[in-house]
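Visitor: File follows, data_27.txt with compact mmCIF, C-alpha atoms:
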# COMPACT_ATOMS: atom_id res chain seq x y z
CA MET A 1 49.43 -37.33 20.94
CA ALA A 2 52.71 -38.80 19.68
CA ARG A 3 54.25 -37.33 16.59
CA PRO A 4 54.26 -39.43 13.43
CA GLU A 5 57.33 -41.50 12.66
CA GLN A 6 60.03 -39.90 10.56
CA LEU A 7 59.63 -40.79 6.89
CA LEU A 8 63.10 -39.63 5.93
CA VAL A 9 66.12 -41.86 6.33
CA LEU A 10 69.17 -40.05 7.74
CA GLU A 11 72.78 -41.02 7.09
CA PRO A 12 74.37 -40.85 9.63
CA PRO A 13 71.31 -41.52 11.77
CA ASN A 14 72.39 -40.27 15.22
CA GLU A 15 75.47 -38.05 15.21
CA LEU A 16 77.50 -35.69 13.05
CA LYS A 17 81.27 -36.12 13.40
CA PHE A 18 83.68 -33.25 12.84
CA ARG A 19 87.38 -34.07 12.67
CA GLY A 20 89.89 -31.40 13.72
CA PRO A 21 92.06 -29.45 13.89
CA PHE A 22 89.41 -26.76 13.87
CA THR A 23 91.58 -23.93 12.56
CA ASP A 24 89.71 -24.06 9.25
CA VAL A 25 86.18 -24.90 8.11
CA VAL A 26 85.35 -28.57 8.74
CA THR A 27 82.57 -30.06 6.62
CA THR A 28 80.53 -33.19 7.16
CA ASN A 29 77.68 -34.46 4.99
CA LEU A 30 74.20 -35.51 6.00
CA LYS A 31 72.26 -37.58 3.49
CA LEU A 32 68.46 -37.35 3.57
CA SER A 33 66.60 -40.06 1.65
CA ASN A 34 62.89 -40.22 0.96
CA PRO A 35 61.86 -43.86 0.40
CA SER A 36 58.14 -43.02 0.54
CA ASP A 37 55.78 -42.34 -2.35
CA LYS A 38 55.14 -38.78 -1.14
CA ASN A 39 57.12 -35.57 -1.50
CA ILE A 40 58.59 -34.48 1.83
CA CYS A 41 59.42 -30.96 3.03
CA PHE A 42 62.46 -30.75 5.31
CA LYS A 43 64.22 -28.19 7.46
CA VAL A 44 67.56 -28.48 9.31
CA LYS A 45 67.90 -26.67 12.63
CA THR A 46 70.77 -26.38 15.12
CA THR A 47 71.24 -25.19 18.69
CA ALA A 48 74.33 -23.17 17.59
CA PRO A 49 73.38 -21.37 14.37
CA ARG A 50 76.40 -19.04 14.52
CA ARG A 51 78.82 -21.96 14.58
CA TYR A 52 77.49 -23.77 11.52
CA CYS A 53 76.65 -23.07 7.91
CA VAL A 54 74.12 -25.53 6.45
CA ARG A 55 73.50 -25.85 2.69
CA PRO A 56 70.72 -26.49 1.82
CA ASN A 57 68.99 -25.93 5.13
CA SER A 58 65.49 -26.56 3.78
CA GLY A 59 63.63 -27.74 0.70
CA VAL A 60 61.51 -30.52 -0.77
CA ILE A 61 62.68 -34.08 -1.39
CA ASP A 62 60.72 -35.82 -4.12
CA ALA A 63 59.43 -39.35 -3.60
CA GLY A 64 62.11 -42.00 -4.03
CA THR A 65 64.99 -39.49 -4.14
CA SER A 66 67.62 -38.19 -1.75
CA ILE A 67 69.64 -35.06 -1.07
CA ASN A 68 73.03 -34.33 0.50
CA VAL A 69 73.20 -31.57 3.09
CA SER A 70 76.61 -30.00 3.80
CA VAL A 71 77.11 -29.02 7.44
CA MET A 72 80.11 -26.68 7.75
CA LEU A 73 81.59 -26.05 11.19
CA GLN A 74 83.26 -22.64 11.36
CA PRO A 75 86.81 -22.30 12.82
CA PHE A 76 87.03 -21.98 16.61
CA ASP A 77 89.35 -22.60 19.56
CA TYR A 78 88.73 -26.17 20.54
CA ASP A 79 88.84 -27.11 24.22
CA PRO A 80 89.09 -30.93 24.67
CA ASN A 81 87.79 -30.61 28.23
CA GLU A 82 84.57 -29.04 27.05
CA LYS A 83 82.05 -31.52 25.75
CA SER A 84 80.02 -30.43 22.78
CA LYS A 85 76.44 -29.60 23.55
CA HIS A 86 75.60 -28.77 19.95
CA LYS A 87 72.69 -30.62 18.44
CA PHE A 88 70.90 -30.74 15.11
CA MET A 89 67.31 -31.51 14.31
CA VAL A 90 65.87 -32.52 10.95
CA GLN A 91 62.23 -31.54 10.83
CA SER A 92 59.96 -32.80 8.07
CA MET A 93 56.37 -33.13 6.91
CA VAL A 94 54.44 -34.36 3.92
CA ALA A 95 54.50 -31.66 1.27
CA PRO A 96 51.15 -30.02 0.47
CA ALA A 97 49.94 -29.59 -3.09
CA ASP A 98 51.12 -25.97 -3.18
CA CYS A 99 54.75 -25.49 -2.07
CA GLN A 100 55.45 -22.13 -3.69
CA ASP A 101 55.75 -20.26 -0.39
CA MET A 102 57.75 -22.55 1.91
CA GLU A 103 57.75 -20.05 4.77
CA ALA A 104 53.96 -19.98 4.77
CA VAL A 105 53.85 -23.78 4.53
CA TRP A 106 55.90 -24.17 7.73
CA LYS A 107 53.93 -21.48 9.53
CA GLU A 108 50.61 -23.14 8.73
CA ALA A 109 51.83 -26.65 9.57
CA LYS A 110 50.13 -28.36 12.51
CA PRO A 111 52.28 -29.93 15.25
CA ASP A 112 50.73 -33.33 14.52
CA ASP A 113 52.01 -33.12 10.94
CA LEU A 114 55.64 -32.57 11.91
CA MET A 115 58.24 -35.32 12.09
CA ASP A 116 61.70 -34.80 13.55
CA SER A 117 65.02 -36.54 14.09
CA LYS A 118 67.78 -35.34 16.39
CA LEU A 119 71.53 -35.67 15.95
CA ARG A 120 74.34 -34.74 18.30
CA CYS A 121 77.69 -33.29 17.27
CA VAL A 122 80.95 -35.12 17.99
CA PHE A 123 84.34 -33.41 17.72
CA GLU A 124 87.40 -35.56 17.06
CA LEU A 125 91.05 -34.57 17.18
CA PRO A 126 93.73 -36.59 15.35
CA SER A 127 96.32 -38.31 17.55
CA GLU A 128 99.96 -37.24 17.53
CA ASN A 129 100.91 -40.13 15.23
CA GLU A 130 98.12 -39.22 12.83
CA LYS A 131 99.21 -35.57 12.89
CA THR A 132 102.79 -36.55 12.04
CA HIS A 133 101.59 -38.84 9.25
CA GLU A 134 99.34 -36.14 7.82
CA LEU A 135 102.16 -33.60 7.91
CA GLU A 136 104.50 -36.01 6.12
CA MET A 137 101.84 -36.78 3.51
CA ASN A 138 101.24 -33.08 2.98
CA LYS A 139 104.97 -32.50 2.52
CA VAL A 140 105.27 -35.37 0.04
CA THR A 141 102.22 -34.18 -1.88
CA SER A 142 103.49 -30.59 -1.97
CA SER A 143 106.94 -31.73 -3.11
CA SER A 144 105.44 -33.93 -5.83
CA LEU A 145 103.26 -31.11 -7.10
CA LYS A 146 106.22 -28.70 -7.20
CA THR A 147 108.38 -31.27 -9.05
CA GLU A 148 105.64 -31.99 -11.56
CA ALA A 149 105.02 -28.29 -12.14
CA SER A 150 108.77 -27.69 -12.62
CA MET A 151 109.03 -30.58 -15.11
CA MET A 152 106.02 -29.30 -17.05
CA THR A 153 107.53 -25.79 -17.17
CA LYS A 154 110.88 -27.11 -18.38
CA SER A 155 109.21 -29.33 -20.96
CA THR A 156 107.13 -26.45 -22.27
CA SER A 157 110.15 -24.13 -22.38
CA SER A 158 112.22 -26.79 -24.17
CA SER A 159 109.55 -27.37 -26.80
CA LEU A 160 109.25 -23.65 -27.39
CA ASP A 161 113.07 -23.30 -27.71
CA ASP A 162 113.22 -26.18 -30.19
CA SER A 163 110.46 -24.60 -32.27
CA ASP A 164 112.23 -21.22 -32.31
CA LEU A 165 115.53 -22.90 -33.14
CA ARG A 166 114.07 -24.70 -36.14
CA LYS A 167 112.51 -21.47 -37.38
CA VAL A 168 115.80 -19.56 -37.06
CA MET A 169 117.72 -22.31 -38.84
CA ASP A 170 115.22 -22.30 -41.69
CA ASP A 171 115.55 -18.52 -41.97
CA CYS A 172 119.35 -18.85 -42.01
CA ARG A 173 119.24 -21.37 -44.84
CA ILE A 174 116.93 -19.15 -46.87
CA LEU A 175 119.15 -16.09 -46.33
CA LYS A 176 122.32 -18.02 -47.20
CA SER A 177 120.74 -19.20 -50.45
CA GLU A 178 119.65 -15.65 -51.26
CA VAL A 179 123.13 -14.25 -50.53
CA GLN A 180 124.77 -16.91 -52.70
CA ARG A 181 122.35 -16.11 -55.53
CA LEU A 182 123.11 -12.39 -55.27
CA ARG A 183 126.83 -13.07 -55.25
CA GLU A 184 126.63 -15.11 -58.44
CA GLU A 185 124.38 -12.53 -60.07
CA ASN A 186 126.71 -9.69 -59.05
CA LYS A 187 129.72 -11.59 -60.38
CA GLN A 188 127.96 -12.17 -63.70
CA LEU A 189 126.97 -8.50 -63.94
CA LYS A 190 130.53 -7.40 -63.27
CA GLU A 191 131.80 -9.65 -66.05
CA ASP A 192 129.15 -8.31 -68.43
CA ASP A 193 129.94 -4.71 -67.50
CA GLY A 194 133.68 -5.26 -68.02
CA LEU A 195 132.99 -6.75 -71.40
CA ARG A 196 130.80 -3.79 -72.38
CA MET A 197 133.38 -1.29 -71.12
CA ARG A 198 136.06 -2.87 -73.26
CA ARG A 199 133.78 -2.57 -76.27
CA VAL A 200 133.41 1.20 -75.83
CA THR A 201 135.47 2.88 -78.54
CA GLN A 202 134.45 6.45 -77.78
CA PRO A 203 135.15 7.32 -74.14
CA GLY A 204 134.17 10.97 -74.65
CA ASN A 205 130.75 10.16 -76.02
CA PRO A 206 128.23 11.50 -73.45
CA ILE A 207 125.51 9.10 -74.53
CA LEU A 208 127.73 6.08 -73.96
CA SER A 209 128.94 7.42 -70.62
CA LYS A 210 125.36 7.91 -69.49
CA ASN A 211 124.47 4.35 -70.47
CA VAL A 212 127.46 3.02 -68.55
CA MET A 213 126.44 4.94 -65.39
CA ILE A 214 122.89 3.60 -65.60
CA LYS A 215 124.16 0.05 -65.98
CA GLU A 216 126.48 0.48 -63.00
CA GLU A 217 123.52 1.33 -60.79
CA GLY A 218 122.31 -2.28 -61.04
CA PRO A 219 125.35 -3.84 -59.28
CA ALA A 220 125.40 -1.06 -56.67
CA THR A 221 121.76 -1.73 -55.76
CA ARG A 222 122.41 -5.43 -55.46
CA MET A 223 125.44 -4.79 -53.26
CA ILE A 224 123.21 -2.77 -50.88
CA ALA A 225 120.72 -5.66 -50.81
CA MET A 226 123.56 -8.06 -49.97
CA VAL A 227 124.70 -5.83 -47.10
CA VAL A 228 121.15 -5.75 -45.69
CA LEU A 229 120.83 -9.53 -45.97
CA PHE A 230 124.18 -10.04 -44.23
CA PHE A 231 123.04 -7.72 -41.42
CA ILE A 232 119.80 -9.68 -40.93
CA LEU A 233 121.68 -12.96 -41.03
CA GLY A 234 124.15 -11.72 -38.42
CA THR A 235 121.33 -10.59 -36.13
CA ILE A 236 119.56 -13.97 -36.30
CA VAL A 237 122.76 -15.92 -35.71
CA GLY A 238 123.60 -13.66 -32.78
CA LYS A 239 120.20 -14.36 -31.15
CA LEU A 240 120.70 -18.08 -31.78
CA VAL A 241 124.09 -18.09 -30.05
CA LEU A 242 122.73 -16.17 -27.04
What is this file in structure tokens?

Guide:
Amino acid sequence: MARPEQLLVLEPPNELKFRGPFTDVVTTNLKLSNPSDKNICFKVKTTAPRRYCVRPNSGVIDAGTSINVSVMLQPFDYDPNEKSKHKFMVQSMVAPADCQDMEAVWKEAKPDDLMDSKLRCVFELPSENEKTHELEMNKVTSSSLKTEASMMTKSTSSSLDDSDLRKVMDDCRILKSEVQRLREENKQLKEDDGLRMRRVTQPGNPILSKNVMIKEEGPATRMIAMVVLFFILGTIVGKLVL
């Protein structure tokens, strides 16, 4: 008895093409469509299971939907004189009501319920002109990516430097204003202290001498603050110059 006709539509329908060089994994896609009004179980098999990785290799396709299967050929030493004998088969059947245990479903399936489609594998190698073109394109792409990355790095660095520069300049202006204010205040205090000293009529009076010493502590403290501010200002300007 002939097997029922395949309900799934395969794209591509007859062969899977893999384009070299085969020094890395080569992937091709197989689209399985279910145009029927029934859910379909499917399973993908190959004559060389160690050479291929198939994801997904089985499952259920709902009515009116499709699924993409990735077939990944593992790296190998390609011999152009050796024709590929690898083949794939897509096996399917109408899904039963209970599909919880797919392994049991396939084991219990009757041969008359199974539908299958076979595909052969085709290996293609690029010509010398195509290889040269691909190498040139790879070089151009790599160079463009490096240039773009370098420009982005410089742009980011420049924006960060500008931000730091503005911050340092603002700090310098604030410190200069503070130093100028302290200078004026110190000058005024010196004038006031000189005026008070001239008004002292009793130099030997211990009470007056004590008051004068206490008042002199104010200018000394402010002078220390000025020295500290000048030191900070010099440090910031030094970093800015470097």

Visitor: Ranking A:Gly64, A:Pro13, A:Pro56, A:Pro126 by minimum distance to Asp37 (chain A) and counting all atoms listed in the file, which one comes first?

Guide: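 Checking each of A:Gly64, A:Pro13, A:Pro56, A:Pro126 against Asp37 (chain A), counting all atoms listed in the file, the winner is A:Gly64.
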
Visitor: One number please: CA of Asp62 (chain A) to CA of Cys121 (chain A), in Å, one decimal.

Guide: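 So the answer is 27.4 Å.
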
Visitor: Taking 4 positions as the minimum chain separation for residues in the same chain, which residues sit within 9 Å of Pro4 (chain A) when counting only C-alpha atoms? Answer as number ranges by chain.

Guide: A: 112-116

Visitor: For the atom pair CA of Leu8 (chain A) and CA of Leu32 (chain A), what is the interatomic distance in Å to one decimal place?

Guide: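 CA of Leu32 (chain A) lies 6.3 Å from CA of Leu8 (chain A).
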
Visitor: Rank A:Ser177, A:Asn39, A:Asn14, A:Gln6 by their smallest atom-to-atom distance to Pro96 (chain A), using all atoms listed in the file, and report the top residue only.

Guide: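 Looking only at the distances to Pro96 (chain A), the closest residue turns out to be A:Asn39.
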
Visitor: Do you have the CA of Asn68 (chain A)-CA of Lys83 (chain A) distance handy?

Guide: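 These two atoms are separated by 27.0 Å.
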
Visitor: Let me make sure I understand: among A:Ser127, A:Gln91, A:Asn29, A:Gln74, which one has the smallest atom-to-atom distance to Ala48 (chain A) if we use all atoms listed in the file?

Guide: A:Gln74

Visitor: If we count all atoms listed in the file and set the cut-off at 12 Å, which residues sit around Glu103 (chain A), ignoring sequence neighbours fewer than 2 positions away in its own chain? Please answer as an MDAnalysis selection string.

Guide: chainID A and resid 41:43 58:59 98:101 105:109

Visitor: Neighbours of Ile67 (chain A) within 9 Å (all atoms listed in the file; same-chain residues fewer than 4 positions away dropped), as a VMD selection string?

Guide: chain A and resid 30 to 34 61

Visitor: Between A:Asp171, A:Glu5, A:Glu15, A:Glu185, single out the one closest to Phe123 (chain A), counting only C-alpha atoms.

Guide: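 For Phe123 (chain A), the nearest of the given residues is A:Glu15.
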
Visitor: Taking all listed atoms of region 31-37 of chain A, build the axis-aligned box, pad each of the six sides by 8 Å, then write its centre and edge lengths in Å to one decimal as AutoDock Vina command-line options.

Guide:
--center_x 64.0 --center_y -40.6 --center_z 0.6 --size_x 32.5 --size_y 22.5 --size_z 21.9
